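Just start.tsv here, TSV, C-alpha atoms:
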chain	number	residue	atom	x	y	z
A	139	MET	CA	58.34	-3.10	147.20
A	140	LYS	CA	54.78	-4.18	148.07
A	141	LYS	CA	53.61	-0.58	147.72
A	142	ILE	CA	55.04	-0.37	144.19
A	143	TRP	CA	53.38	-3.68	143.24
A	144	LYS	CA	49.99	-2.45	144.50
A	145	ILE	CA	50.29	0.78	142.52
A	146	SER	CA	51.18	-1.24	139.39
A	147	VAL	CA	48.10	-3.45	139.78
A	148	VAL	CA	45.80	-0.43	140.21
A	149	VAL	CA	47.23	1.24	137.10
A	150	THR	CA	46.86	-1.97	135.07
A	151	LEU	CA	43.21	-2.40	136.08
A	152	ALA	CA	42.49	1.24	135.28
A	153	VAL	CA	43.98	0.86	131.79
A	154	MET	CA	41.92	-2.30	131.19
A	155	ALA	CA	38.74	-0.55	132.28
A	156	PHE	CA	39.24	2.52	130.12
A	157	SER	CA	40.34	0.54	127.06
A	158	GLY	CA	36.83	-0.88	126.66
A	159	CYS	CA	35.09	2.48	126.71
A	160	GLY	CA	33.18	3.44	123.57
A	161	LYS	CA	33.24	-0.06	122.08
A	162	ALA	CA	30.32	-2.38	121.40
A	163	GLU	CA	30.07	-5.59	123.39
A	164	ALA	CA	31.22	-8.79	121.71
A	165	PHE	CA	28.34	-9.93	119.53
A	166	ALA	CA	26.50	-13.26	119.72
A	167	TYR	CA	23.18	-14.38	118.23
A	168	LYS	CA	21.76	-14.60	121.74
A	169	GLN	CA	21.36	-10.82	121.54
A	170	PHE	CA	18.57	-11.47	119.00
A	171	ASP	CA	16.42	-13.35	121.55
A	172	ASN	CA	13.66	-10.72	121.53
A	173	ILE	CA	14.41	-9.14	118.14
A	174	GLN	CA	12.14	-9.38	115.10
A	175	PHE	CA	13.73	-8.42	111.78
A	176	THR	CA	11.47	-6.91	109.15
A	177	CYS	CA	11.91	-5.88	105.55
A	178	ALA	CA	9.16	-3.80	103.98
A	179	LEU	CA	8.16	-4.27	100.36
A	180	GLU	CA	7.12	-0.93	98.95
A	181	GLU	CA	3.92	-0.54	96.99
A	182	GLY	CA	4.50	-1.25	93.32
A	183	ALA	CA	7.69	-3.25	93.95
A	184	GLY	CA	8.49	-6.92	93.51
A	185	GLN	CA	5.86	-8.91	91.59
A	186	GLY	CA	3.96	-5.80	90.52
A	187	ILE	CA	2.43	-5.53	93.98
A	188	SER	CA	-0.39	-3.00	94.24
A	189	VAL	CA	-0.41	-3.21	98.03
A	190	GLY	CA	2.84	-3.28	99.99
A	191	GLY	CA	4.00	-6.39	101.82
A	192	GLN	CA	6.56	-7.40	104.40
A	193	THR	CA	9.07	-10.06	105.40
A	194	GLY	CA	9.57	-11.03	109.04
A	195	MET	CA	12.55	-13.02	110.31
A	196	ARG	CA	13.66	-14.44	113.66
A	197	ILE	CA	17.21	-15.65	114.39
A	198	GLN	CA	17.89	-18.12	117.19
A	199	GLU	CA	20.91	-18.41	119.48
A	200	ASP	CA	22.41	-21.23	117.36
A	201	GLY	CA	22.13	-19.25	114.11
A	202	SER	CA	19.05	-21.05	112.81
A	203	PHE	CA	16.36	-18.75	111.47
A	204	SER	CA	12.79	-18.75	110.21
A	205	ALA	CA	11.14	-16.21	107.93
A	206	SER	CA	7.82	-15.48	106.28
A	207	TYR	CA	6.69	-13.05	103.60
A	208	TYR	CA	3.38	-11.75	102.28
A	209	ALA	CA	2.23	-9.21	99.73
A	210	MET	CA	-1.11	-8.42	98.10
A	211	ASP	CA	-1.99	-7.59	94.51
A	212	MET	CA	-5.64	-6.55	94.53
A	213	GLU	CA	-5.58	-5.85	90.78
A	214	ASP	CA	-4.54	-9.38	89.81
A	215	THR	CA	-7.95	-11.04	89.66
A	216	GLY	CA	-9.63	-13.79	87.68
A	217	GLU	CA	-12.91	-15.64	87.37
A	218	ASP	CA	-12.07	-17.83	90.37
A	219	TYR	CA	-10.29	-15.20	92.46
A	220	GLN	CA	-12.17	-11.93	92.42
A	221	GLY	CA	-10.53	-10.94	95.72
A	222	GLY	CA	-7.10	-10.62	94.16
A	223	THR	CA	-3.79	-12.44	94.58
A	224	MET	CA	-1.73	-12.91	97.71
A	225	TYR	CA	1.94	-13.80	97.49
A	226	TYR	CA	3.18	-15.79	100.44
A	227	GLY	CA	6.50	-17.39	101.26
A	228	SER	CA	7.94	-19.12	104.31
A	229	GLY	CA	11.16	-20.88	105.05
A	230	PHE	CA	13.94	-21.65	107.45
A	231	GLY	CA	17.70	-21.85	107.32
A	232	GLN	CA	21.05	-21.64	109.04
A	233	ILE	CA	23.75	-19.00	109.20
A	234	ALA	CA	27.33	-19.62	110.30
A	235	GLU	CA	29.02	-18.15	113.35
A	236	PRO	CA	29.42	-14.38	112.97
A	237	VAL	CA	32.84	-13.04	111.99
A	238	ARG	CA	33.88	-9.65	113.33
A	239	VAL	CA	34.59	-6.93	110.78
A	240	ASP	CA	34.79	-4.05	113.26
A	241	ASP	CA	33.28	-3.15	116.63
A	242	TYR	CA	29.83	-2.60	115.13
A	243	THR	CA	29.88	-4.87	112.08
A	244	TYR	CA	29.85	-8.64	111.67
A	245	LYS	CA	29.34	-10.92	108.70
A	246	ALA	CA	27.84	-14.40	108.57
A	247	LYS	CA	27.72	-16.93	105.75
A	248	VAL	CA	24.27	-18.23	104.86
A	249	GLU	CA	24.73	-22.00	104.98
A	250	SER	CA	21.23	-23.08	103.94
A	251	ILE	CA	17.72	-21.85	103.15
A	252	THR	CA	14.70	-24.12	102.58
A	253	TYR	CA	11.39	-22.74	101.32
A	254	SER	CA	7.94	-24.26	101.86
A	255	GLU	CA	5.73	-24.81	98.79
A	256	ALA	CA	7.60	-22.28	96.64
A	257	GLY	CA	6.29	-22.34	93.07
A	258	GLU	CA	2.84	-23.69	93.96
A	259	GLU	CA	-0.57	-22.02	93.80
A	260	SER	CA	-3.93	-22.58	95.46
A	261	LEU	CA	-7.35	-20.95	95.85
A	262	GLN	CA	-8.59	-19.89	99.25
A	263	GLY	CA	-12.08	-18.47	99.12
A	264	ASP	CA	-12.11	-15.76	96.47
A	265	MET	CA	-8.36	-15.26	96.61
A	266	ARG	CA	-5.48	-16.85	94.73
A	267	MET	CA	-2.45	-17.83	96.82
A	268	VAL	CA	0.93	-17.83	95.07
A	269	TYR	CA	3.73	-19.42	97.11
A	270	THR	CA	7.14	-17.86	96.53
A	271	GLU	CA	10.59	-17.54	97.99
A	272	VAL	CA	10.89	-15.15	100.93
A	273	TYR	CA	11.40	-11.59	99.71
A	274	GLY	CA	14.74	-10.20	100.87
A	275	LEU	CA	16.40	-13.60	101.25
A	276	GLU	CA	16.68	-14.50	97.56
A	277	GLU	CA	20.18	-15.53	96.49
A	278	ALA	CA	21.45	-14.84	100.01
A	279	GLU	CA	25.06	-15.93	100.43
A	280	GLU	CA	26.17	-13.71	103.30
A	281	PHE	CA	24.52	-11.40	105.82
A	282	MET	CA	26.15	-8.22	107.02
A	283	ILE	CA	25.09	-7.57	110.61
A	284	TYR	CA	25.13	-4.03	111.98
A	285	LEU	CA	24.96	-3.33	115.70
A	286	PRO	CA	23.30	-0.32	117.32
A	287	GLY	CA	25.84	2.49	117.49
A	288	LYS	CA	27.38	1.99	114.06
A	289	LYS	CA	27.93	5.29	112.26
A	290	VAL	CA	25.29	5.80	109.59
A	291	THR	CA	27.91	7.31	107.27
A	292	GLN	CA	29.68	3.94	107.27
A	293	LEU	CA	26.59	2.01	106.12
A	294	PRO	CA	26.06	1.04	102.45
A	295	GLU	CA	23.86	3.51	100.60
A	296	ALA	CA	21.55	0.68	99.53
A	297	TYR	CA	20.95	-0.30	103.15
A	298	ILE	CA	20.21	3.28	104.20
A	299	GLU	CA	17.80	3.70	101.30
A	300	GLY	CA	15.95	0.51	102.19
A	301	VAL	CA	15.44	1.36	105.87
A	302	LYS	CA	15.16	5.15	105.59
A	303	GLU	CA	11.57	5.20	106.81
A	304	GLN	CA	12.54	3.53	110.10
A	305	LEU	CA	15.87	5.34	110.36
A	306	CYS	CA	14.73	8.95	109.95
A	307	ASP	CA	12.50	10.94	112.30
A	308	GLU	CA	9.23	12.60	111.25
A	309	ASN	CA	11.17	15.56	109.87
A	310	GLY	CA	13.39	13.38	107.71
A	311	ASN	CA	16.46	13.88	109.90
A	312	MET	CA	18.90	10.99	110.00
A	313	PRO	CA	20.72	10.05	113.24
A	314	GLU	CA	24.49	9.89	113.45
A	315	THR	CA	24.46	6.27	114.61
A	316	LEU	CA	22.23	3.28	113.94
A	317	PRO	CA	19.56	3.00	116.69
A	318	PHE	CA	18.67	-0.65	115.99
A	319	TYR	CA	20.15	-3.97	114.82
A	320	GLY	CA	20.42	-4.22	111.05
A	321	ILE	CA	20.92	-7.05	108.55
A	322	PHE	CA	21.90	-6.51	104.93
A	323	ASN	CA	21.63	-9.14	102.19
A	324	GLU	CA	24.36	-7.97	99.84
A	325	SER	CA	23.20	-10.22	96.98
A	326	THR	CA	19.91	-8.36	96.56
A	327	GLU	CA	20.90	-5.20	98.47
A	328	THR	CA	17.97	-5.71	100.83
A	329	GLY	CA	17.98	-4.24	104.32
A	330	PHE	CA	16.29	-5.55	107.48
A	331	VAL	CA	15.47	-3.61	110.63
A	332	GLY	CA	15.61	-5.31	114.02
A	333	GLU	CA	13.00	-4.26	116.58
A	334	GLU	CA	12.27	-5.56	120.05
A	335	ILE	CA	9.08	-7.57	120.52
A	336	ASP	CA	7.16	-8.17	123.71
A	337	ASP	CA	6.76	-11.93	123.25
A	338	PRO	CA	10.00	-13.58	122.12
Go through the file and emit its structure as structure tokens.
Amino acid sequence: MKKIWKISVVVTLAVMAFSGCGKAEAFAYKQFDNIQFTCALEEGAGQGISVGGQTGMRIQEDGSFSASYYAMDMEDTGEDYQGGTMYYGSGFGQIAEPVRVDDYTYKAKVESITYSEAGEESLQGDMRMVYTEVYGLEEAEEFMIYLPGKKVTQLPEAYIEGVKEQLCDENGNMPETLPFYGIFNESTETGFVGEEIDDP
């Protein structure tokens, strides 16, 4: 009888071990400890930008986040700002606990976003500073979170298009699965790429 019980335990443990194979680990914001999310603004996009800009975002373990954005328009000059115009935005906010959609996809409601000095302008040296909302976070209501390993064919076309430069190799070949963490703001169809940084 004892021999049968031991065999049953071994079989049960083996089934439990194999059942987790091929699946992503349960996700938590703590996995973003050393991840910087970026969203590139292409040249000629947004506010008529003549030089591309970028948004950077960090997400903490409790779901709080901070973000900043900059972009340059060297052609937008005036008598007092011969050096051009810089658009800058910064802010912070909170996202709710992530809700699992599938093994490699989660969604999180954006509970709040507060911007600093949005709508104001100032002169710094020969440059005009225009303070805006953070590009990529406008009208954000919910973030879709993609984990490394998600099949690229299952990603929204708008997300793929927005991160294609980071996703494809030098020959333009696209991988079968996502090699990094991704965030997608569905409201503006803006994609973020998560990359490890040395100094979290």
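Here the question is which of A:Gly191, A:Gly300, A:Gly310, A:Gly287 gets nearest to A:Thr243 using only C-alpha atoms, and that residue is A:Gly287.
Counting from atom CA of A:Glu271, the distance to atom CA of A:Ser228 is 7.0 Å.
Nearest to A:Lys247 of all the residues A:Gln220, A:Gln232, A:Gln192, A:Gln304 is A:Gln232, counting only C-alpha atoms.
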**Item:** Point-to-point distance from atom CA of A:Ala246 to atom CA of A:Tyr226, Å rounded to tenths
**Value:** 26.0 Å
**Item:** Residues within 9 Å of A:Thr193, all atoms listed in the file, excluding chain neighbours under 2 positions, as number ranges by chain
**Value:** A: 175-179, 191, 195, 205-209, 227, 272-274, 330
**Message:** For a quick check of understanding, using only C-alpha atoms, which of A:Val239, A:Asn323, A:Gly229, A:Val290 has the smallest distance to A:Asn311?
**Reply:** A:Val290
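The coordinates place atom CA of A:Thr270 at 17.9 Å from atom CA of A:Thr215.
Near A:Arg196, within a cut-off of 10 Å and counting all atoms listed in the file, sit the residues Phe170, Asp171, Asn172, Ile173, Gln174, Phe175, Thr176, Gly201, Ser202, Phe203, Ser204, Ala205, Ser206, Phe230, Gly332 and Pro338 of chain A, with same-chain residues fewer than 3 positions away left out.
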**Request:** Write out as a list in words the residues lying within 6 Å of A:Gly329, counting only C-alpha atoms and excluding same-chain residues fewer than 3 positions away.
**Result:** Tyr297, Gly300, Ile321 and Phe322 of chain A
